[in-house]
Amino acid sequence: MDAQAAPVEVKPRPVQITVVRGRHMKNTKGTVLHSYVRVEFNGILLGDSPKMEVISEKEVEYNFTVSFDCAVNEGQNGLDDIAHKPVILTLVEILPKEKKQKEEKTAVLGQGLLDLLPLLQGECKFKTTVTLHPLAMSPPDIARQDADKPEMEVAVSVPDPLLSESYLLDSNLVKVTVEALYSAPDSWNLSGPPFNYVISLQLPMIGEKEFALIFANGVLKSGTEKEPSSRPKKWPQGNILAPGAQYIPESFIQSTSYEEEDGELNRKEDRDFRLEAETDKRRVMWDTERRCFIDPAAVLCFQKRIAECRFWPIEIMKIPQIAGVKGGGGKPGKGEKAEDDGQISSHGVAYINMAPLLYPGVQRIRGAYQVVAFNEAEVFSKTKRQHSVLREVVRQGSVMGKAGGPISMASPSTRQGPAKGSKDDKATKEKETLKKASAILKPSTSETVADVEQPVILNLEGQQYVDAKSYIVVEFALEKPLVPKRPPEELATRVKELIPPRPALPHRTAGAQKAVNDYHSQITSIAAAVLEEYQELFKHDQGRETPVDYQTLEEQKRKLNYELNFSGKYFAFKEQLKHAVVKIVREKYLKTVPFEDMEQLQTFLSELYIYLVDQMHIALNKTLSMDVPDPVPQSFLDLAQLKHFAREAEINEDFNLAAKYYKERLARDRNNPDHWFDYGCFCLLISDNGKAEECFHEAVALDQRHLNSLLLSGVMAALGEQYKNAETFFEDATCINPGSILAWTLLGLFYETEENIIGSEMAFQEANKQLQIQMSSRQSTEEAKVSLRRTVEDFEETGEVSGPEKGPKEGDAAFEGAGITEIGTASAPDDSTSASVSSKQPAGLVHKSGSATTIKSKKAPQKGPSKGNDSESGTMMQYHTNGILPKISPQESKLSEVSAQPCTTIYIETAHFLLQVNALPFVQRALAHELLCPEGGPSCRYHIALARFHLTRKEFHEAEENLEKAVQLNHRDPDAWALTGHLQYLNKNYAKAKECYERTTHFITDASEMHPVYLRLGSIYLQEEEYEKAKNTYLMACKNSPSCLSWLGVGIACYRLEELTEAEDALSEANVLNNTNAEVWGYLALVCLQTGRQLEAEQSFKYAVKLNLQNEALLQEIHRLQELVGFGNPAF
């Protein structure tokens, strides 16, 4: 489709306007109304209706038609005029003649405006009702608010659509709304000489030609006047007599929250200033909307100029209003005109960032933009524009009219020659004046800054805007987005094409087990019928107390068989059982075709007979036996524990064991997308990208709305250079969860790889918006929790409940949120991540072993950190490690809790998520943005994330450098010390690792993953033979998240402390959680040898050897003890 092509027909097309009838007409005098209707458009009088006579309040039929020619291309009454200029309908009353009166006197009863916009939307005919508004000086009876206002029924028609379908599809309609200038300079006073406040900008409308839009007659108001939140928008015309008619029907300015705006002053710290500026300071109000019709070529030009230079200048100034030339005075001379031309003051400019209009699907931007002093060099550097539109307008006198005069709004049609008409026609004169004034608004393409020497002028008056922090509120709205956005349905369809959803497994109505169950049911039914028949046949023998002998039983059997055969019930029972036997043959033995060999048939019948008899006995035993079968024991491990054990194996680099746990989760429920997602993340860790991508696709196939799997599918597609598929996955994720910070940030990172700067800016901006929403919610909840805690403390101290100012009220949302919402620590993942990756350490694991085991120590155990006891915390903070770690007081500990929640950014949250799912290539991109982010930079969290990245890649030197910087920036961050401990542990520097781990456990705020800290610290204690500390440390791990290794550590420590009973209990718990751990069996063998149990010792040793125990020291210890006690090894 050629966007540059003009419409098929370029001839002007007639637009017919018919005033059909009027209602609720009122006159100023008498009961009979003599009136006519005047119709005007674009400053031209189209005609007056015949004079009609009607009784007041009755309907009057006018049936009056006028027309004008609409120029489809540039010309008189063009498409842009249709867009922003209404048809003015004026109801004129003819007053009765008085004595000695020669000419008729008239009075305007009302005025209404007819919007022709439907003609630009493809309609050929439409009818509407136009309300007539009274003039300001109308009589009270006519201007009454409670009375029915006069209205006219009007019909508009064109013979053919003004625009072809292709032209209408490629063109666009831009609505520019200038609302107000807030925080006006202090020098602007209401008591001084009147000024005309003017705003101007340019837009392309026809091809690459730009036309000026002038918003004049702004109203200066004092700070005491407050504006309503919803205000109607005004027409841009200034020649409207009725005050009520100047408002566009059903078009209002709707104020939104500052955070949702697209301008410059939309941050949280700007809120107080804007509230003060919009309520207490001076302002200039326009509230005017200007519609601009831009043709297809201009649409492409508009997009191109925004892409080349995203900033669009909007100029503002004030000029003195001319009160008119006093009588007798002639025209001003050249010198006076030149002096008037120079009367421009307070020339300012605001730079509108129009780039959001190039975001996919965006049709509207609205925001507050700061006004600065106009400087041509600065304007050219930012916008590549070489002229001031306002200076050209003022030089020609377009806005130098009297106060309340018409606004000059340039449009393509005003560039044409003067319209034909009489010189005495007032409207024609006004039109010619408008054309002459706006003919210069198109900038000369041949004139450049270099052609004309312009002296550098200091704009001191414009500096007032900067000093007063003035800003304007402007809105740009498009009828169609410049860049269409793929609808969610199309994205969902595309994802289904890439990853077809797996259909639900059909419910099988047949099967081997069901066939056997049916056979059992039939046997039970027949047995009940035979028993009933037996009881009926031999009921006279049931009362005997003597036992029945064998001959009597045989006689009863013979009579029963005879009765069943004679009555036909035997045959009925066979038919009843026949269908069940056939199902067993087909479903269990898979025999569906006749036998060709009689020997095979006989063999099969014998086998079938034996099986049927056995199953009959099973069914009869179930029917006649009262024994209840034992229930099948359930597994002690649930899915959350399996995931925890898999994560533990990952940390210990036991990837085979981790894979086993992930596969066991899949075996239990293959239809859970979270299981496939977790297994895919594990495959990424071991660099099996192909299998990882298959897992993510499998999760999406099971659930097309699984957000994390969609994101990781996009990551894998991007890494595989399948960019089209990656974009589909990321965009679909943003449609599924528009509030996801991760989805928008990953989409922005992907757009950057494709050098789509506009797209990445859009995605990052939306992610930041969602982050602000989440942070505001967290802050309000945290404030509610603090207030509630203070209320409780006051009640405990004084016994009185604090007042409303000290705590939230019950029933408030903040009160409820304080009770149910927990604010995460600084390193906690973002709320937008799903439960499958929100924490690798599951909280609240329930130990489901059969025995309730209690571990008691002979000595008083060393208490762990208590979050509610400051004295204990203070005591434990006194560890001093060779001058490296300073002592921490309880006050500092409390401060660490406060400082544990720094401001976060979208990039650091995304980096944490990517580290959790092992998508390392995208981690570097996110962290690179964190360095450049104004709210980010090389913070403690940044260095921690980068250290985790290097640790995952085994780059220990780089990780150490980042951890040192993280500790320097925040020495109270538990994650920094935990990672430092892991680094030293992996480097086998156990002394330093122990120091770091101990410091981590002494913080009030836990690290993001405490389980590996406890395990590794406990192992160091065991190596250093500090068994009591090792026991307490492992018990902390068992309390938070029990596992086989944590209970094994407790068992080893208890064994070394010669607490054999408690050691056996702990090792039994470990064995319940994982019965394939060779070390558990080895230590159980030691315990059994110490307690003199030969059989258990031999069994434990046998399993330890069978599971290939690798701990040589443990093996040697077992052998020595076996030799000492003389048993335990069957090989002796």
# chains A, B, ... in the order shown; residues from 1 in each chain; ligands from 1
>>> residues_around(residues="Leu749 (chain A)", least_positions_apart="6", cutoff="9 Å", atoms="only C-alpha atoms", output="list in words")
Ser760, Ala763, Phe764, Phe922, Arg925 and Ala926 of chain A
>>> write_last_selection(atoms="N, CA and C atoms", output="PDB file, in the first residue's frame")
ATOM      1  N   SER A 760      12.932  -0.680  23.643  1.00  0.00           N
ATOM      2  CA  SER A 760      13.558  -0.934  24.946  1.00  0.00           C
ATOM      3  C   SER A 760      13.214   0.172  25.932  1.00  0.00           C
ATOM      4  N   ALA A 763       9.716  -0.536  27.205  1.00  0.00           N
ATOM      5  CA  ALA A 763       9.648  -1.660  28.143  1.00  0.00           C
ATOM      6  C   ALA A 763      10.240  -1.284  29.502  1.00  0.00           C
ATOM      7  N   PHE A 764      11.383  -0.623  29.511  1.00  0.00           N
ATOM      8  CA  PHE A 764      11.992  -0.225  30.783  1.00  0.00           C
ATOM      9  C   PHE A 764      11.113   0.775  31.530  1.00  0.00           C
ATOM     10  N   PHE A 922      21.984 -13.440  30.152  1.00  0.00           N
ATOM     11  CA  PHE A 922      21.182 -12.231  30.314  1.00  0.00           C
ATOM     12  C   PHE A 922      21.513 -11.506  31.619  1.00  0.00           C
ATOM     13  N   ARG A 925      23.755  -8.507  30.919  1.00  0.00           N
ATOM     14  CA  ARG A 925      23.056  -7.360  30.321  1.00  0.00           C
ATOM     15  C   ARG A 925      22.307  -6.579  31.388  1.00  0.00           C
ATOM     16  N   ALA A 926      21.648  -7.283  32.291  1.00  0.00           N
ATOM     17  CA  ALA A 926      20.900  -6.590  33.344  1.00  0.00           C
ATOM     18  C   ALA A 926      21.843  -5.817  34.265  1.00  0.00           C
TER      19      ALA A 926
END
>>> residues_around(residues="Tyr589 (chain A)", least_positions_apart="2", cutoff="12 Å", atoms="only C-alpha atoms", output="mmCIF file with all heavy atoms, in the first residue's frame")
data_model
loop_
_atom_site.group_PDB
_atom_site.id
_atom_site.type_symbol
_atom_site.label_atom_id
_atom_site.label_comp_id
_atom_site.auth_asym_id
_atom_site.auth_seq_id
_atom_site.Cartn_x
_atom_site.Cartn_y
_atom_site.Cartn_z
ATOM 1 N N GLY A 511 -9.856 -50.948 30.400
ATOM 2 C CA GLY A 511 -8.498 -51.261 30.774
ATOM 3 C C GLY A 511 -8.467 -52.585 31.504
ATOM 4 O O GLY A 511 -9.511 -53.125 31.920
ATOM 5 N N ALA A 512 -7.265 -53.109 31.676
ATOM 6 C CA ALA A 512 -7.132 -54.418 32.306
ATOM 7 C C ALA A 512 -7.638 -54.396 33.741
ATOM 8 O O ALA A 512 -8.395 -55.283 34.167
ATOM 9 C CB ALA A 512 -5.676 -54.860 32.250
ATOM 10 N N GLN A 513 -7.238 -53.376 34.495
ATOM 11 C CA GLN A 513 -7.653 -53.328 35.890
ATOM 12 C C GLN A 513 -9.150 -53.146 36.020
ATOM 13 O O GLN A 513 -9.798 -53.751 36.885
ATOM 14 C CB GLN A 513 -6.917 -52.185 36.606
ATOM 15 C CG GLN A 513 -7.154 -52.152 38.105
ATOM 16 C CD GLN A 513 -6.676 -53.420 38.800
ATOM 17 O OE1 GLN A 513 -5.621 -53.971 38.455
ATOM 18 N NE2 GLN A 513 -7.458 -53.918 39.749
ATOM 19 N N ALA A 515 -11.360 -54.171 33.850
ATOM 20 C CA ALA A 515 -11.989 -55.446 33.486
ATOM 21 C C ALA A 515 -11.988 -56.413 34.664
ATOM 22 O O ALA A 515 -12.993 -57.092 34.940
ATOM 23 C CB ALA A 515 -11.273 -56.050 32.286
ATOM 24 N N VAL A 516 -10.867 -56.476 35.383
ATOM 25 C CA VAL A 516 -10.794 -57.353 36.559
ATOM 26 C C VAL A 516 -11.749 -56.878 37.639
ATOM 27 O O VAL A 516 -12.439 -57.692 38.293
ATOM 28 C CB VAL A 516 -9.347 -57.420 37.074
ATOM 29 C CG1 VAL A 516 -9.282 -58.212 38.372
ATOM 30 C CG2 VAL A 516 -8.435 -58.033 36.025
ATOM 31 N N VAL A 581 -16.008 -61.777 31.515
ATOM 32 C CA VAL A 581 -14.924 -62.663 31.075
ATOM 33 C C VAL A 581 -14.398 -62.222 29.720
ATOM 34 O O VAL A 581 -13.176 -62.230 29.475
ATOM 35 C CB VAL A 581 -15.426 -64.113 31.050
ATOM 36 C CG1 VAL A 581 -14.359 -65.035 30.464
ATOM 37 C CG2 VAL A 581 -15.803 -64.578 32.450
ATOM 38 N N VAL A 582 -15.281 -61.812 28.822
ATOM 39 C CA VAL A 582 -14.842 -61.337 27.502
ATOM 40 C C VAL A 582 -13.957 -60.103 27.634
ATOM 41 O O VAL A 582 -12.939 -59.958 26.932
ATOM 42 C CB VAL A 582 -16.073 -61.051 26.609
ATOM 43 C CG1 VAL A 582 -15.648 -60.347 25.321
ATOM 44 C CG2 VAL A 582 -16.809 -62.337 26.282
ATOM 45 N N LYS A 583 -14.295 -59.193 28.514
ATOM 46 C CA LYS A 583 -13.475 -57.984 28.718
ATOM 47 C C LYS A 583 -12.093 -58.350 29.242
ATOM 48 O O LYS A 583 -11.086 -57.737 28.853
ATOM 49 C CB LYS A 583 -14.175 -57.030 29.687
ATOM 50 C CG LYS A 583 -15.373 -56.315 29.078
ATOM 51 C CD LYS A 583 -16.116 -55.503 30.107
ATOM 52 C CE LYS A 583 -15.261 -54.402 30.677
ATOM 53 N NZ LYS A 583 -16.011 -53.557 31.631
ATOM 54 N N ILE A 584 -12.013 -59.362 30.134
ATOM 55 C CA ILE A 584 -10.698 -59.786 30.628
ATOM 56 C C ILE A 584 -9.871 -60.372 29.497
ATOM 57 O O ILE A 584 -8.659 -60.100 29.378
ATOM 58 C CB ILE A 584 -10.872 -60.808 31.767
ATOM 59 C CG1 ILE A 584 -11.382 -60.097 33.028
ATOM 60 C CG2 ILE A 584 -9.561 -61.509 32.079
ATOM 61 C CD1 ILE A 584 -11.636 -61.024 34.191
ATOM 62 N N VAL A 585 -10.490 -61.174 28.634
ATOM 63 C CA VAL A 585 -9.763 -61.760 27.501
ATOM 64 C C VAL A 585 -9.226 -60.670 26.586
ATOM 65 O O VAL A 585 -8.085 -60.732 26.100
ATOM 66 C CB VAL A 585 -10.685 -62.729 26.741
ATOM 67 C CG1 VAL A 585 -10.010 -63.210 25.464
ATOM 68 C CG2 VAL A 585 -11.057 -63.915 27.621
ATOM 69 N N ARG A 586 -10.016 -59.641 26.345
ATOM 70 C CA ARG A 586 -9.612 -58.593 25.405
ATOM 71 C C ARG A 586 -8.629 -57.600 26.039
ATOM 72 O O ARG A 586 -7.652 -57.194 25.394
ATOM 73 C CB ARG A 586 -10.850 -57.852 24.910
ATOM 74 C CG ARG A 586 -11.723 -58.698 24.002
ATOM 75 C CD ARG A 586 -12.952 -57.917 23.564
ATOM 76 N NE ARG A 586 -13.776 -58.674 22.638
ATOM 77 C CZ ARG A 586 -14.940 -58.243 22.150
ATOM 78 N NH1 ARG A 586 -15.416 -57.061 22.519
ATOM 79 N NH2 ARG A 586 -15.629 -58.997 21.305
ATOM 80 N N GLU A 587 -8.910 -57.173 27.276
ATOM 81 C CA GLU A 587 -8.117 -56.104 27.886
ATOM 82 C C GLU A 587 -6.857 -56.627 28.561
ATOM 83 O O GLU A 587 -5.804 -55.996 28.458
ATOM 84 C CB GLU A 587 -8.971 -55.345 28.917
ATOM 85 C CG GLU A 587 -10.174 -54.641 28.334
ATOM 86 C CD GLU A 587 -9.785 -53.515 27.382
ATOM 87 O OE1 GLU A 587 -8.664 -52.986 27.514
ATOM 88 O OE2 GLU A 587 -10.592 -53.175 26.510
ATOM 89 N N LYS A 591 -6.430 -60.711 23.519
ATOM 90 C CA LYS A 591 -6.856 -61.675 22.512
ATOM 91 C C LYS A 591 -8.120 -61.149 21.841
ATOM 92 O O LYS A 591 -9.198 -61.070 22.460
ATOM 93 C CB LYS A 591 -7.140 -63.038 23.151
ATOM 94 C CG LYS A 591 -5.951 -63.632 23.906
ATOM 95 C CD LYS A 591 -4.785 -63.937 22.989
ATOM 96 C CE LYS A 591 -3.650 -64.617 23.745
ATOM 97 N NZ LYS A 591 -2.496 -64.920 22.876
ATOM 98 N N THR A 592 -7.976 -60.780 20.569
ATOM 99 C CA THR A 592 -9.121 -60.216 19.845
ATOM 100 C C THR A 592 -9.425 -60.951 18.552
ATOM 101 O O THR A 592 -10.425 -60.635 17.897
ATOM 102 C CB THR A 592 -8.840 -58.735 19.525
ATOM 103 O OG1 THR A 592 -7.620 -58.640 18.779
ATOM 104 C CG2 THR A 592 -8.725 -57.915 20.807
ATOM 105 N N VAL A 593 -8.594 -61.922 18.154
ATOM 106 C CA VAL A 593 -8.823 -62.665 16.905
ATOM 107 C C VAL A 593 -8.934 -64.154 17.255
ATOM 108 O O VAL A 593 -8.381 -64.618 18.260
ATOM 109 C CB VAL A 593 -7.687 -62.435 15.897
ATOM 110 C CG1 VAL A 593 -7.656 -60.976 15.459
ATOM 111 C CG2 VAL A 593 -6.323 -62.812 16.490
ATOM 112 N N PHE A 604 -4.578 -71.776 26.217
ATOM 113 C CA PHE A 604 -5.089 -70.466 26.672
ATOM 114 C C PHE A 604 -6.291 -70.643 27.582
ATOM 115 O O PHE A 604 -6.414 -69.956 28.608
ATOM 116 C CB PHE A 604 -5.442 -69.589 25.476
ATOM 117 C CG PHE A 604 -6.169 -68.335 25.853
ATOM 118 C CD1 PHE A 604 -5.507 -67.300 26.495
ATOM 119 C CD2 PHE A 604 -7.540 -68.192 25.604
ATOM 120 C CE1 PHE A 604 -6.175 -66.150 26.871
ATOM 121 C CE2 PHE A 604 -8.207 -67.044 25.973
ATOM 122 C CZ PHE A 604 -7.526 -66.014 26.608
ATOM 123 N N LEU A 605 -7.192 -71.577 27.248
ATOM 124 C CA LEU A 605 -8.371 -71.794 28.082
ATOM 125 C C LEU A 605 -7.984 -72.292 29.464
ATOM 126 O O LEU A 605 -8.579 -71.903 30.477
ATOM 127 C CB LEU A 605 -9.317 -72.775 27.396
ATOM 128 C CG LEU A 605 -10.022 -72.242 26.135
ATOM 129 C CD1 LEU A 605 -10.888 -73.331 25.504
ATOM 130 C CD2 LEU A 605 -10.870 -71.020 26.454
ATOM 131 N N GLU A 607 -5.147 -71.686 31.017
ATOM 132 C CA GLU A 607 -4.566 -70.535 31.733
ATOM 133 C C GLU A 607 -5.658 -69.568 32.176
ATOM 134 O O GLU A 607 -5.641 -69.048 33.302
ATOM 135 C CB GLU A 607 -3.559 -69.825 30.831
ATOM 136 C CG GLU A 607 -2.876 -68.636 31.474
ATOM 137 C CD GLU A 607 -1.927 -67.940 30.522
ATOM 138 O OE1 GLU A 607 -1.690 -68.475 29.402
ATOM 139 O OE2 GLU A 607 -1.414 -66.860 30.889
ATOM 140 N N LEU A 608 -6.627 -69.317 31.287
ATOM 141 C CA LEU A 608 -7.713 -68.397 31.618
ATOM 142 C C LEU A 608 -8.554 -68.941 32.769
ATOM 143 O O LEU A 608 -8.958 -68.188 33.669
ATOM 144 C CB LEU A 608 -8.577 -68.159 30.378
ATOM 145 C CG LEU A 608 -9.808 -67.260 30.578
ATOM 146 C CD1 LEU A 608 -9.386 -65.850 30.986
ATOM 147 C CD2 LEU A 608 -10.648 -67.196 29.285
ATOM 148 N N TYR A 611 -6.829 -68.464 36.051
ATOM 149 C CA TYR A 611 -6.838 -67.057 36.448
ATOM 150 C C TYR A 611 -8.220 -66.645 36.942
ATOM 151 O O TYR A 611 -8.351 -65.947 37.966
ATOM 152 C CB TYR A 611 -6.413 -66.173 35.269
ATOM 153 C CG TYR A 611 -6.432 -64.695 35.581
ATOM 154 C CD1 TYR A 611 -5.422 -64.106 36.320
ATOM 155 C CD2 TYR A 611 -7.490 -63.896 35.157
ATOM 156 C CE1 TYR A 611 -5.444 -62.758 36.628
ATOM 157 C CE2 TYR A 611 -7.525 -62.541 35.459
ATOM 158 C CZ TYR A 611 -6.498 -61.978 36.191
ATOM 159 O OH TYR A 611 -6.529 -60.639 36.501
#
>>> closest_residue(among="A:Glu754, A:Asp674, A:Glu250, A:Glu930", to="Ala701 (chain A)", atoms="only C-alpha atoms")
A:Asp674
>>> atom_distance(atom1="CA of Gly192 (chain A)", atom2="CA of Pro232 (chain A)")
28.7 Å
>>> residues_around(residues="Glu1064 (chain A)", least_positions_apart="4", cutoff="8 Å", atoms="only C-alpha atoms", output="VMD selection string")
chain A and resid 1051 1060 1068 1084 1087
>>> residues_around(residues="region 64-75 of chain A", least_positions_apart="3", cutoff="7 Å", atoms="only C-alpha atoms", output="tab-separated table (two decimals) with C-alpha atoms, in the first residue's frame")
chain	number	residue	atom	x	y	z
A	10	VAL	CA	-9.58	14.96	-5.68
A	11	LYS	CA	-12.64	16.96	-6.69
A	12	PRO	CA	-14.26	18.94	-3.87
A	13	ARG	CA	-17.22	17.09	-2.44
A	14	PRO	CA	-20.39	18.81	-1.30
A	15	VAL	CA	-21.34	18.53	2.34
A	16	GLN	CA	-25.05	19.09	2.94
A	17	ILE	CA	-26.34	20.29	6.29
A	18	THR	CA	-30.08	20.19	6.91
A	19	VAL	CA	-31.68	21.86	9.92
A	20	VAL	CA	-34.73	19.64	10.29
A	46	LEU	CA	-23.53	29.41	4.60
A	47	GLY	CA	-27.05	30.80	4.74
A	49	SER	CA	-33.24	29.83	6.98
A	78	GLY	CA	-10.11	21.00	3.84
A	79	LEU	CA	-10.09	17.84	5.87
A	162	LEU	CA	-14.72	11.79	1.93
A	412	PRO	CA	-3.75	23.80	5.62
A	413	SER	CA	-6.85	25.49	4.27
A	416	GLN	CA	-5.17	29.27	0.18
>>> closest_residue(among="A:Ala667, A:Leu742, A:Ala184, A:Leu747", to="Asp467 (chain A)", atoms="only C-alpha atoms")
A:Ala184
